[in-house]
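Engineer: So here's final_30.cif, just mmCIF, C-alpha atoms:
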```
data_start
#
loop_
_atom_site.label_atom_id
_atom_site.label_comp_id
_atom_site.auth_asym_id
_atom_site.auth_seq_id
_atom_site.Cartn_x
_atom_site.Cartn_y
_atom_site.Cartn_z
CA MET A 1 -4.54 35.49 -25.25
CA LEU A 2 -1.55 34.90 -22.98
CA SER A 3 -0.68 38.59 -22.99
CA LEU A 4 -4.28 39.35 -22.05
CA LEU A 5 -4.36 36.85 -19.17
CA ARG A 6 -0.91 37.44 -17.66
CA PRO A 7 -1.73 40.74 -15.85
CA ILE A 8 -4.98 39.38 -14.38
CA LEU A 9 -4.04 35.76 -13.71
CA SER A 10 -3.67 36.29 -9.97
CA LEU A 11 -7.11 37.89 -9.77
CA LEU A 12 -8.74 35.12 -11.80
CA SER A 13 -7.06 32.48 -9.62
CA GLY A 14 -8.48 34.19 -6.54
CA VAL A 15 -11.93 34.27 -8.16
CA ALA A 16 -11.83 30.53 -8.96
CA LEU A 17 -10.84 29.56 -5.41
CA LEU A 18 -13.36 31.96 -3.88
CA LEU A 19 -16.21 30.58 -6.01
CA LEU A 20 -15.23 26.99 -5.19
CA GLY A 21 -15.62 27.79 -1.49
CA SER A 22 -18.72 29.96 -1.67
CA GLY A 23 -20.38 27.72 -4.29
CA LEU A 24 -19.91 24.69 -2.05
CA LEU A 25 -21.28 26.61 0.93
CA ASN A 26 -24.37 27.86 -0.88
CA THR A 27 -25.51 24.28 -1.47
CA LEU A 28 -24.15 22.84 1.78
CA ILE A 29 -26.05 25.21 4.09
CA PRO A 30 -29.59 24.36 2.93
CA LEU A 31 -28.69 20.65 2.94
CA ARG A 32 -27.24 20.74 6.43
CA GLY A 33 -30.12 22.90 7.67
CA SER A 34 -32.56 20.34 6.30
CA GLN A 35 -30.70 17.52 8.06
CA MET A 36 -30.88 19.44 11.36
CA GLY A 37 -34.65 19.75 11.06
CA TYR A 38 -34.93 23.35 9.93
CA SER A 39 -38.21 24.04 8.17
CA ASP A 40 -38.24 25.03 4.51
CA ALA A 41 -39.41 28.49 5.57
CA LEU A 42 -36.40 28.88 7.88
CA ILE A 43 -34.01 27.68 5.17
CA GLY A 44 -35.55 30.26 2.86
CA GLY A 45 -34.90 32.84 5.60
CA LEU A 46 -31.23 31.82 5.70
CA THR A 47 -30.95 32.48 1.98
CA SER A 48 -32.74 35.81 2.38
CA ALA A 49 -30.27 36.77 5.10
CA TYR A 50 -27.39 36.03 2.73
CA PHE A 51 -28.83 38.18 -0.06
CA THR A 52 -29.70 40.93 2.44
CA GLY A 53 -26.04 40.99 3.49
CA PHE A 54 -25.03 41.00 -0.18
CA PHE A 55 -27.43 43.87 -0.83
CA LEU A 56 -26.22 45.97 2.13
CA GLY A 57 -22.57 45.21 1.40
CA THR A 58 -22.94 46.56 -2.13
CA PHE A 59 -23.28 50.05 -0.64
CA ALA A 60 -20.80 49.65 2.25
CA ALA A 61 -17.89 48.04 0.38
CA PRO A 62 -16.80 50.91 -1.93
CA SER A 63 -16.08 53.34 0.93
CA LEU A 64 -14.01 50.73 2.80
CA VAL A 65 -12.02 49.81 -0.31
CA ARG A 66 -11.26 53.48 -0.98
CA ARG A 67 -10.14 54.01 2.62
CA ILE A 68 -7.79 51.04 3.09
CA GLY A 69 -6.95 49.97 -0.47
CA HIS A 70 -7.75 46.90 -2.50
CA ILE A 71 -5.26 44.44 -1.01
CA ARG A 72 -6.04 45.18 2.64
CA ALA A 73 -9.76 45.22 1.86
CA PHE A 74 -9.45 41.80 0.24
CA ALA A 75 -7.65 40.44 3.32
CA PHE A 76 -10.26 42.01 5.61
CA TYR A 77 -13.20 40.55 3.70
CA THR A 78 -11.51 37.14 3.41
CA ALA A 79 -11.16 37.01 7.21
CA CYS A 80 -14.82 38.04 7.63
CA CYS A 81 -15.91 35.39 5.14
CA ALA A 82 -13.90 32.62 6.83
CA CYS A 83 -15.33 33.62 10.22
CA GLY A 84 -18.84 33.51 8.77
CA VAL A 85 -18.25 30.02 7.36
CA LEU A 86 -16.84 28.65 10.61
CA LEU A 87 -19.64 30.16 12.69
CA HIS A 88 -21.88 27.44 11.26
CA THR A 89 -19.78 24.76 12.99
CA LEU A 90 -20.10 26.28 16.48
CA SER A 91 -23.87 26.19 16.96
CA VAL A 92 -27.10 24.84 15.49
CA ASP A 93 -29.04 27.87 16.75
CA PRO A 94 -30.91 29.38 13.77
CA VAL A 95 -30.11 32.89 15.00
CA VAL A 96 -26.38 32.15 14.78
CA TRP A 97 -26.82 30.76 11.27
CA LEU A 98 -28.86 33.79 10.18
CA LEU A 99 -26.12 36.09 11.49
CA ALA A 100 -23.44 34.01 9.76
CA ARG A 101 -25.31 34.19 6.44
CA LEU A 102 -25.68 37.95 6.77
CA VAL A 103 -21.93 38.31 7.39
CA LEU A 104 -21.13 36.03 4.46
CA GLY A 105 -23.26 38.00 2.05
CA ALA A 106 -21.66 41.32 3.01
CA ALA A 107 -18.13 39.83 2.93
CA LEU A 108 -18.54 38.17 -0.47
CA VAL A 109 -19.85 41.28 -2.17
CA GLY A 110 -16.85 43.11 -0.71
CA LEU A 111 -14.54 40.56 -2.30
CA TYR A 112 -16.37 40.90 -5.61
CA THR A 113 -16.03 44.68 -5.41
CA VAL A 114 -12.26 44.45 -4.96
CA ILE A 115 -11.77 41.92 -7.76
CA GLU A 116 -14.09 43.48 -10.33
CA SER A 117 -12.94 47.07 -9.85
CA TRP A 118 -9.34 45.84 -10.09
CA LEU A 119 -10.07 43.91 -13.30
CA ASN A 120 -11.81 46.96 -14.70
CA ALA A 121 -8.83 49.22 -13.97
CA GLN A 122 -6.23 46.66 -15.05
CA THR A 123 -7.68 46.08 -18.53
CA GLU A 124 -7.49 48.30 -21.59
CA PRO A 125 -10.93 49.56 -22.74
CA GLN A 126 -10.79 47.64 -26.02
CA GLN A 127 -10.08 44.37 -24.14
CA ARG A 128 -12.70 44.67 -21.41
CA GLY A 129 -15.31 42.64 -23.27
CA GLN A 130 -12.89 39.70 -23.62
CA VAL A 131 -11.81 39.96 -19.98
CA PHE A 132 -15.43 40.11 -18.84
CA ALA A 133 -16.26 36.96 -20.84
CA ILE A 134 -13.27 35.12 -19.33
CA TYR A 135 -14.20 36.32 -15.85
CA MET A 136 -17.77 35.06 -16.16
CA ALA A 137 -16.57 31.73 -17.59
CA VAL A 138 -14.37 31.31 -14.50
CA ASN A 139 -17.37 32.19 -12.29
CA LEU A 140 -19.73 29.68 -13.87
CA GLY A 141 -17.11 26.94 -14.18
CA ALA A 142 -16.05 27.27 -10.53
CA LEU A 143 -19.66 27.26 -9.33
CA ALA A 144 -20.41 24.08 -11.29
CA LEU A 145 -17.23 22.37 -10.06
CA ALA A 146 -17.92 23.42 -6.46
CA GLN A 147 -21.03 21.23 -6.37
CA GLN A 148 -18.84 18.16 -6.86
CA LEU A 149 -17.06 18.89 -3.58
CA LEU A 150 -20.14 17.49 -1.87
CA HIS A 151 -18.60 14.11 -2.69
CA VAL A 152 -15.85 14.81 -0.14
CA GLU A 153 -16.35 12.77 2.99
CA GLY A 154 -14.77 13.40 6.37
CA GLY A 155 -14.92 12.03 9.84
CA ALA A 156 -16.83 14.99 11.25
CA ASP A 157 -19.95 16.97 10.41
CA PHE A 158 -17.93 20.14 9.97
CA THR A 159 -15.50 18.79 7.33
CA LEU A 160 -17.14 20.51 4.36
CA PHE A 161 -17.45 23.80 6.26
CA VAL A 162 -13.72 23.68 7.01
CA LEU A 163 -13.03 22.90 3.34
CA ALA A 164 -15.11 25.91 2.27
CA ALA A 165 -13.26 28.15 4.75
CA LEU A 166 -9.89 26.87 3.51
CA LEU A 167 -10.80 27.60 -0.10
CA VAL A 168 -11.93 31.13 0.76
CA CYS A 169 -8.72 31.78 2.70
CA THR A 170 -6.60 30.31 -0.09
CA ALA A 171 -8.31 32.67 -2.55
CA SER A 172 -6.54 35.58 -0.85
CA LEU A 173 -3.03 34.23 -1.49
CA PRO A 174 -2.67 34.98 -5.24
CA VAL A 175 -4.28 38.40 -4.72
CA LEU A 176 -2.06 39.33 -1.75
CA LEU A 177 1.06 38.18 -3.64
CA THR A 178 0.33 40.19 -6.79
CA ARG A 179 2.74 42.91 -7.83
CA GLN A 180 0.13 44.75 -9.88
CA ALA A 181 -0.50 48.34 -8.86
CA GLN A 182 -3.67 48.88 -6.86
CA PRO A 183 -6.24 50.99 -8.71
CA GLN A 184 -8.34 53.85 -7.41
CA LEU A 185 -11.99 52.90 -6.96
CA GLN A 186 -14.24 55.21 -8.92
CA PRO A 187 -17.08 57.02 -7.11
CA THR A 188 -20.33 55.08 -7.03
CA PRO A 189 -22.91 56.77 -9.28
CA ARG A 190 -26.22 57.89 -7.88
CA LEU A 191 -29.11 55.53 -8.42
CA GLN A 192 -31.50 56.38 -11.26
CA LEU A 193 -34.55 54.25 -10.51
CA ARG A 194 -36.99 56.72 -12.03
CA ARG A 195 -34.99 57.06 -15.24
CA LEU A 196 -34.52 53.28 -15.45
CA LEU A 197 -38.26 52.62 -15.20
CA ALA A 198 -39.04 55.41 -17.69
CA VAL A 199 -36.53 54.40 -20.37
CA ALA A 200 -36.29 50.62 -19.93
CA PRO A 201 -39.15 49.32 -17.79
CA THR A 202 -38.56 45.76 -18.98
CA ALA A 203 -35.08 45.89 -17.42
CA GLY A 204 -36.50 47.07 -14.08
CA VAL A 205 -39.37 44.60 -13.93
CA GLY A 206 -37.16 41.80 -15.26
CA ALA A 207 -34.51 42.50 -12.60
CA LEU A 208 -37.11 42.08 -9.85
CA PHE A 209 -38.58 38.83 -11.21
CA SER A 210 -35.15 37.43 -12.01
CA GLY A 211 -34.01 38.18 -8.46
CA LEU A 212 -37.09 36.52 -6.96
CA ALA A 213 -36.49 33.39 -9.04
CA MET A 214 -32.70 33.09 -8.78
CA GLY A 215 -32.59 33.83 -5.05
CA SER A 216 -35.07 30.99 -4.54
CA LEU A 217 -33.09 28.70 -6.85
CA TRP A 218 -29.78 29.11 -5.01
CA GLY A 219 -31.31 28.70 -1.57
CA LEU A 220 -34.07 26.14 -1.98
CA LEU A 221 -33.42 23.99 -5.04
CA PRO A 222 -30.98 21.80 -3.03
CA VAL A 223 -33.71 21.40 -0.40
CA TYR A 224 -36.17 20.26 -3.05
CA PHE A 225 -33.68 17.69 -4.34
CA SER A 226 -33.13 16.50 -0.75
CA ARG A 227 -36.88 16.10 -0.23
CA GLN A 228 -36.92 13.82 -3.28
CA GLY A 229 -34.59 11.42 -1.49
CA MET A 230 -31.31 12.38 -3.16
CA ASP A 231 -28.07 12.10 -1.21
CA ALA A 232 -25.41 14.84 -1.17
CA PRO A 233 -23.44 13.65 -4.25
CA GLU A 234 -26.66 13.34 -6.29
CA ILE A 235 -27.71 16.82 -5.21
CA GLY A 236 -24.30 18.17 -6.16
CA MET A 237 -24.58 16.59 -9.59
CA SER A 238 -28.08 18.02 -10.10
CA MET A 239 -26.94 21.52 -9.12
CA SER A 240 -23.95 21.20 -11.45
CA VAL A 241 -26.26 20.29 -14.34
CA VAL A 242 -28.47 23.33 -13.61
CA ILE A 243 -25.43 25.65 -13.54
CA LEU A 244 -23.89 24.11 -16.66
CA GLY A 245 -27.21 24.62 -18.43
CA GLY A 246 -27.03 28.27 -17.39
CA ALA A 247 -23.50 28.52 -18.76
CA ALA A 248 -24.18 26.71 -22.04
CA LEU A 249 -27.51 28.20 -23.10
CA GLN A 250 -26.79 31.84 -22.34
CA TRP A 251 -24.74 32.05 -25.55
CA PRO A 252 -27.38 30.90 -28.10
CA LEU A 253 -30.08 32.92 -26.35
CA GLY A 254 -27.74 35.89 -26.29
CA ARG A 255 -27.11 35.59 -30.02
CA LEU A 256 -30.87 35.43 -30.54
CA SER A 257 -31.28 38.64 -28.55
CA ASP A 258 -28.51 40.27 -30.63
CA ARG A 259 -30.42 39.54 -33.84
CA HIS A 260 -33.95 40.33 -32.62
CA ASP A 261 -35.65 42.53 -30.08
CA ARG A 262 -34.24 41.70 -26.62
CA ARG A 263 -37.75 41.59 -25.17
CA PHE A 264 -38.74 38.91 -27.66
CA ALA A 265 -35.74 36.79 -26.58
CA LEU A 266 -36.54 37.43 -22.90
CA ALA A 267 -40.18 36.43 -23.37
CA LEU A 268 -39.14 33.28 -25.23
CA ALA A 269 -36.61 32.23 -22.58
CA CYS A 270 -39.01 32.89 -19.70
CA ALA A 271 -41.89 31.08 -21.39
CA ALA A 272 -39.66 28.05 -21.95
CA ALA A 273 -38.47 28.22 -18.32
CA CYS A 274 -42.11 28.27 -17.18
CA VAL A 275 -42.86 25.12 -19.18
CA PHE A 276 -39.79 23.31 -17.86
CA ALA A 277 -40.63 24.34 -14.28
CA VAL A 278 -44.06 22.74 -14.66
CA LEU A 279 -42.59 19.52 -16.09
CA ILE A 280 -39.69 18.93 -13.67
CA PRO A 281 -41.76 17.74 -10.65
CA ILE A 282 -43.64 15.24 -12.84
CA PRO A 283 -42.13 11.70 -12.61
CA MET A 284 -40.25 10.87 -15.80
CA PRO A 285 -39.96 7.37 -17.32
CA PHE A 286 -36.26 7.89 -18.14
CA ALA A 287 -33.55 9.51 -16.03
CA GLY A 288 -32.21 11.28 -19.10
CA MET A 289 -35.44 13.27 -19.39
CA TYR A 290 -34.98 14.57 -15.83
CA TRP A 291 -31.38 15.63 -16.49
CA GLY A 292 -32.42 17.29 -19.73
CA LEU A 293 -35.23 19.25 -18.07
CA ILE A 294 -33.10 20.66 -15.24
CA PHE A 295 -30.33 21.50 -17.75
CA LEU A 296 -32.81 23.38 -19.93
CA TYR A 297 -34.46 25.11 -17.00
CA GLY A 298 -31.09 26.33 -15.75
CA GLY A 299 -30.23 27.61 -19.22
CA MET A 300 -33.44 29.59 -19.54
CA ALA A 301 -33.53 30.90 -15.96
CA PHE A 302 -29.90 32.05 -15.95
CA SER A 303 -30.37 33.85 -19.27
CA ALA A 304 -32.99 36.34 -18.11
CA TYR A 305 -30.63 38.65 -16.23
CA PRO A 306 -27.94 39.05 -18.94
CA ILE A 307 -30.61 39.61 -21.61
CA LEU A 308 -32.22 42.40 -19.62
CA VAL A 309 -28.80 43.96 -18.92
CA ALA A 310 -28.03 43.91 -22.67
CA HIS A 311 -31.44 45.49 -23.24
CA LEU A 312 -30.55 48.22 -20.74
CA LEU A 313 -27.23 48.87 -22.49
CA ASP A 314 -29.14 49.28 -25.76
CA GLN A 315 -31.32 52.03 -24.33
CA LEU A 316 -28.82 54.38 -22.69
CA PRO A 317 -25.70 56.31 -23.70
CA PRO A 318 -22.50 54.93 -22.11
CA GLU A 319 -22.25 57.74 -19.54
CA ASP A 320 -25.61 56.75 -18.00
CA VAL A 321 -25.19 52.99 -18.02
CA LEU A 322 -23.28 52.60 -14.75
CA ALA A 323 -25.87 54.52 -12.74
CA ALA A 324 -28.75 52.65 -14.37
CA SER A 325 -27.04 49.29 -13.89
CA SER A 326 -26.61 50.07 -10.20
CA SER A 327 -30.37 50.57 -10.06
CA VAL A 328 -30.90 47.21 -11.79
CA LEU A 329 -28.66 45.56 -9.20
CA LEU A 330 -30.62 47.23 -6.40
CA ILE A 331 -33.95 45.92 -7.72
CA ASN A 332 -32.48 42.48 -8.39
CA GLY A 333 -31.01 42.35 -4.86
CA ILE A 334 -34.37 43.18 -3.30
CA GLY A 335 -35.95 40.36 -5.30
CA ALA A 336 -33.19 37.90 -4.34
CA ALA A 337 -33.74 38.69 -0.65
CA LEU A 338 -37.53 38.36 -0.81
CA GLY A 339 -37.83 35.37 -3.15
CA PRO A 340 -36.48 32.67 -0.79
CA LEU A 341 -38.79 33.85 2.01
CA VAL A 342 -41.87 33.39 -0.17
CA ALA A 343 -40.65 30.14 -1.70
CA GLY A 344 -39.75 28.67 1.70
CA LEU A 345 -43.19 29.49 3.08
CA LEU A 346 -44.86 27.91 0.04
CA MET A 347 -42.79 24.74 0.41
CA SER A 348 -43.55 24.52 4.15
CA THR A 349 -47.26 25.22 3.72
CA LEU A 350 -47.98 23.21 0.57
CA ALA A 351 -45.32 20.78 -0.61
CA PRO A 352 -41.70 20.81 -1.81
CA ALA A 353 -42.95 20.84 -5.42
CA ALA A 354 -44.48 24.28 -4.72
CA LEU A 355 -40.99 25.62 -5.40
CA PHE A 356 -41.45 24.87 -9.10
CA GLY A 357 -44.93 26.36 -8.99
CA TRP A 358 -43.27 29.54 -7.72
CA PHE A 359 -40.71 29.37 -10.53
CA ALA A 360 -43.44 28.84 -13.12
CA LEU A 361 -45.45 31.80 -11.77
CA LEU A 362 -42.45 34.14 -11.88
CA GLN A 363 -41.14 33.02 -15.25
CA GLY A 364 -44.60 32.98 -16.82
CA SER A 365 -45.42 36.47 -15.50
CA LEU A 366 -42.17 37.90 -16.83
CA ALA A 367 -42.75 36.22 -20.20
CA VAL A 368 -46.19 37.82 -20.43
CA TYR A 369 -44.87 41.25 -19.47
CA ALA A 370 -41.90 41.12 -21.85
CA GLY A 371 -44.16 39.91 -24.64
CA TYR A 372 -46.59 42.76 -23.97
CA ARG A 373 -43.80 45.36 -24.07
CA TYR A 374 -42.48 43.85 -27.28
CA ARG A 375 -45.87 43.97 -29.04
CA ALA A 376 -46.93 47.36 -27.69
CA HIS A 377 -43.65 49.18 -28.45
CA ARG A 378 -42.17 47.21 -31.32
CA LEU A 379 -39.58 48.98 -33.44
CA SER A 380 -37.25 47.81 -36.17
CA HIS A 381 -34.26 46.22 -34.47
CA THR A 382 -30.73 47.49 -34.94
CA PRO A 383 -28.05 45.68 -32.90
CA GLY A 384 -26.77 47.82 -30.04
CA ALA A 385 -24.62 46.55 -27.20
CA PRO A 386 -23.39 42.97 -27.67
CA PHE A 387 -24.71 40.27 -25.34
CA PHE A 388 -22.42 38.94 -22.60
CA ALA A 389 -23.13 35.88 -20.47
CA MET A 390 -23.08 36.93 -16.83
CA LEU A 391 -24.09 36.42 -13.23
CA ARG A 392 -25.29 39.19 -10.94
CA THR A 393 -22.34 40.59 -8.97
CA THR A 394 -21.47 44.30 -8.49
CA PRO A 395 -21.70 47.54 -10.50
CA ALA A 396 -17.93 47.32 -11.11
CA SER A 397 -18.40 44.31 -13.41
CA LEU A 398 -20.95 46.16 -15.53
CA GLY A 399 -18.49 49.04 -15.73
CA MET A 400 -16.47 46.83 -18.08
CA LEU A 401 -19.41 46.72 -20.46
CA ALA A 402 -20.45 50.35 -20.04
CA GLU A 403 -17.21 51.51 -21.61
CA GLN A 404 -17.08 49.12 -24.56
CA PRO A 405 -16.27 50.99 -27.77
CA ASP A 406 -19.18 49.31 -29.59
CA ALA A 407 -21.55 49.21 -26.64
CA GLY A 408 -23.30 52.42 -27.46
CA PRO A 409 -27.03 52.94 -27.51
CA GLY A 410 -29.10 51.04 -30.00
CA SER A 411 -32.43 51.69 -31.59
CA ASP A 412 -34.36 49.03 -29.66
CA SER A 413 -36.59 51.12 -27.44
CA ASP A 414 -38.76 50.02 -24.55
CA SER A 415 -40.93 53.02 -23.82
CA ASP A 416 -42.68 55.90 -25.51
CA ALA A 417 -40.14 58.35 -24.05
CA SER A 418 -37.29 56.29 -25.46
CA SER A 419 -39.02 56.02 -28.81
CA ALA A 420 -39.16 59.78 -29.03
CA GLN A 421 -35.40 59.97 -28.52
CA ARG A 422 -34.53 57.06 -30.85
CA PRO A 423 -36.70 57.19 -33.99
CA GLU A 424 -37.41 54.00 -35.85
CA ARG A 425 -34.85 53.21 -38.52
#
```
Please, can you express the file's structure as structure tokens?
Structural biologist:
Amino acid sequence: MLSLLRPILSLLSGVALLLLGSGLLNTLIPLRGSQMGYSDALIGGLTSAYFTGFFLGTFAAPSLVRRIGHIRAFAFYTACCACGVLLHTLSVDPVVWLLARLVLGAALVGLYTVIESWLNAQTEPQQRGQVFAIYMAVNLGALALAQQLLHVEGGADFTLFVLAALLVCTASLPVLLTRQAQPQLQPTPRLQLRRLLAVAPTAGVGALFSGLAMGSLWGLLPVYFSRQGMDAPEIGMSMSVVILGGAALQWPLGRLSDRHDRRFALALACAAACVFAVLIPIPMPFAGMYWGLIFLYGGMAFSAYPILVAHLLDQLPPEDVLAASSSVLLINGIGAALGPLVAGLLMSTLAPAALFGWFALLQGSLAVYAGYRYRAHRLSHTPGAPFFAMLRTTPASLGMLAEQPDAGPGSDSDSDASSAQRPER
């Protein structure tokens, strides 16, 4: 393990510090916006601006990284990210905050592009699955820990923003000091939306619904907790529990999807998430029931995206996976940008609890669709690509999985066209 970690330790250290800063900021901004009197619809718009920047940056970052190299690109994006964080301290004008969120989204996806393409190039093909699992564990652990930084108190309103900016800047130090050779970024494959929807429609539809739900969760769940009278430390603890649920339950659900049809596992997880979303707003007689429900909801909601990615890997030969996964990221990014807008409007128009009605609608609809695809196109299941717990980041991270020696196509098909190519075994 030590020999595996030594070449990438500087990159993983940068990831941990980056996620501590950005994870703190993602919860801090809706809370501070709520305190300043921003409506729920406007706070949803701030989250949509962030994911719009993330979406646009996905296409802009590769050309910049190729032109100036990984290390200078990392320094450039770190400076942009720190500027975006500190912009929030200079004005309470919503336009300034929307611009700052847009900049942050584009800068963070640039940082992810540098780190993930570097990890991909630095790791031997037979070790990429292990490295990917470690990388995602660092991601989820840092995000959960970042919520506890809301406990930090300072003498000024901008203390936590400065802390987030410091963490982002500090993330550049281990990367800039590394002596590892900089890799060449591979050309970005052309999108294959039509092929994706023909061969694995569940992956395409699931990416959209997962983006709608998760974009709303990151941007508006802290606002819901605030509307229930929680203070910042309580909100941080609640968000940590949701994230830890996502980290813990991806593994058993992933193993289930490895042993059965992925669409069955997806339908089961989404149906459970729908039930938990309905129950969470209901007053509970014991605090433990509340913590258990948000833990379970996080576990089910976070599992949808990695299950549908594993399903996609089952359907396609390795040479097509990177292009198809880029299409999945595109669809998921559109959903993540639109979801907070709709959820914010629902919360402003109806009530804060409408957020969980939105979650239940999305999760229930995806459960019905996945269940329909499973029943209508059921085939005998042969394990294909192994499941990996993950968060949505960039195509470079999925490149680690696309080239796994045992991540070839499986027999679990999701369409009539795919069934013709992969006969039932």
Engineer: Pull out every residue that the PyMOL selection byres ((chain A and resi 100) around 7) matches in the shown coordinates and put them as a PDB file with C-alpha atoms, in the frame of the given file.
Structural biologist:
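What follows is the written file expr_35.pdb:
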```
ATOM      1  CA  GLY A  84     -18.840  33.510   8.770  1.00  0.00           C
ATOM      2  CA  VAL A  85     -18.250  30.020   7.360  1.00  0.00           C
ATOM      3  CA  LEU A  87     -19.640  30.160  12.690  1.00  0.00           C
ATOM      4  CA  HIS A  88     -21.880  27.440  11.260  1.00  0.00           C
ATOM      5  CA  VAL A  96     -26.380  32.150  14.780  1.00  0.00           C
ATOM      6  CA  TRP A  97     -26.820  30.760  11.270  1.00  0.00           C
ATOM      7  CA  LEU A  98     -28.860  33.790  10.180  1.00  0.00           C
ATOM      8  CA  LEU A  99     -26.120  36.090  11.490  1.00  0.00           C
ATOM      9  CA  ARG A 101     -25.310  34.190   6.440  1.00  0.00           C
ATOM     10  CA  LEU A 102     -25.680  37.950   6.770  1.00  0.00           C
ATOM     11  CA  VAL A 103     -21.930  38.310   7.390  1.00  0.00           C
ATOM     12  CA  LEU A 104     -21.130  36.030   4.460  1.00  0.00           C
TER      13      LEU A 104
END
```
Engineer: Could you write out as a ChimeraX atom specification the residues that the PyMOL selection byres ((chain A and resi 80) around 10) matches in the shown file?
Structural biologist: /A:74-79,81-85,100,103-104,106-108,110
Engineer: Once you have the residues from the selection above, write them out as a JSON list (two decimals), in the frame of the given file, restricted to C-alpha atoms.
Structural biologist:
```json
[["chain", "number", "residue", "atom", "x", "y", "z"],
["A", 74, "PHE", "CA", -9.45, 41.80, 0.24],
["A", 75, "ALA", "CA", -7.65, 40.44, 3.32],
["A", 76, "PHE", "CA", -10.26, 42.01, 5.61],
["A", 77, "TYR", "CA", -13.20, 40.55, 3.70],
["A", 78, "THR", "CA", -11.51, 37.14, 3.41],
["A", 79, "ALA", "CA", -11.16, 37.01, 7.21],
["A", 81, "CYS", "CA", -15.91, 35.39, 5.14],
["A", 82, "ALA", "CA", -13.90, 32.62, 6.83],
["A", 83, "CYS", "CA", -15.33, 33.62, 10.22],
["A", 84, "GLY", "CA", -18.84, 33.51, 8.77],
["A", 85, "VAL", "CA", -18.25, 30.02, 7.36],
["A", 100, "ALA", "CA", -23.44, 34.01, 9.76],
["A", 103, "VAL", "CA", -21.93, 38.31, 7.39],
["A", 104, "LEU", "CA", -21.13, 36.03, 4.46],
["A", 106, "ALA", "CA", -21.66, 41.32, 3.01],
["A", 107, "ALA", "CA", -18.13, 39.83, 2.93],
["A", 108, "LEU", "CA", -18.54, 38.17, -0.47],
["A", 110, "GLY", "CA", -16.85, 43.11, -0.71]]
```
Engineer: Would you mind listing what lies within 9 Å of region 5-8 of chain A as a list of chain:residue names, with only C-alpha atoms counted and same-chain residues fewer than 3 positions away left out?
Structural biologist: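 Near region 5-8 of chain A, the qualifying residues are A:Met1, A:Leu2, A:Leu11, A:Leu12, A:Ser13, A:Trp118, A:Leu119, A:Gln122, A:Thr123, A:Val131, A:Gln180.
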Engineer: To test your reading of the syntax: which residues would the PyMOL selection byres ((chain A and resi 280) around 8) return for the file shown? Reply as a PDB file with C-alpha atoms, in the coordinates of the input.
Structural biologist:
```pdb
ATOM      1  CA  PHE A 276     -39.790  23.310 -17.860  1.00  0.00           C
ATOM      2  CA  ALA A 277     -40.630  24.340 -14.280  1.00  0.00           C
ATOM      3  CA  VAL A 278     -44.060  22.740 -14.660  1.00  0.00           C
ATOM      4  CA  LEU A 279     -42.590  19.520 -16.090  1.00  0.00           C
ATOM      5  CA  PRO A 281     -41.760  17.740 -10.650  1.00  0.00           C
ATOM      6  CA  ILE A 282     -43.640  15.240 -12.840  1.00  0.00           C
ATOM      7  CA  PRO A 283     -42.130  11.700 -12.610  1.00  0.00           C
ATOM      8  CA  TYR A 290     -34.980  14.570 -15.830  1.00  0.00           C
ATOM      9  CA  LEU A 293     -35.230  19.250 -18.070  1.00  0.00           C
ATOM     10  CA  ILE A 294     -33.100  20.660 -15.240  1.00  0.00           C
ATOM     11  CA  PHE A 356     -41.450  24.870  -9.100  1.00  0.00           C
TER      12      PHE A 356
END
```
Engineer: Pick the closest to Ile71 (chain A) from A:Gln182, A:Gly33, A:Leu20, A:Ile134: which is it, counting only C-alpha atoms?
Structural biologist: A:Gln182
Engineer: Using only C-alpha atoms, determine which residues lie at most 9 Å from Gly246 (chain A), disregarding the query and same-chain residues fewer than 4 positions distant; provide the list as a PyMOL selection string.
Structural biologist: chain A and resi 140+241-242+250+295-303
Engineer: Taking all atoms listed in the file into account, which of A:Thr393, A:Ser348, A:Ser22, A:Gln228 comes nearest Phe161 (chain A)?
Structural biologist: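 Between A:Thr393, A:Ser348, A:Ser22, A:Gln228, the residue approaching Phe161 (chain A) most closely is A:Ser22.
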Engineer: In Å, rounded to a single decimal, give me how far CA of Leu150 (chain A) is from CA of Ala232 (chain A).
Structural biologist: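 For CA of Ala232 (chain A) relative to CA of Leu150 (chain A), the distance reads 5.9 Å.
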Engineer: Excluding same-chain residues fewer than 4 positions from Pro174 (chain A), what lies within 10 Å of it counting all atoms listed in the file, as a CSV table (one decimal) with C-alpha atoms, in the coordinates of the input?
Structural biologist:
```csv
chain,number,residue,atom,x,y,z
A,9,LEU,CA,-4.0,35.8,-13.7
A,10,SER,CA,-3.7,36.3,-10.0
A,11,LEU,CA,-7.1,37.9,-9.8
A,12,LEU,CA,-8.7,35.1,-11.8
A,13,SER,CA,-7.1,32.5,-9.6
A,14,GLY,CA,-8.5,34.2,-6.5
A,15,VAL,CA,-11.9,34.3,-8.2
A,17,LEU,CA,-10.8,29.6,-5.4
A,170,THR,CA,-6.6,30.3,-0.1
A,178,THR,CA,0.3,40.2,-6.8
A,179,ARG,CA,2.7,42.9,-7.8
```
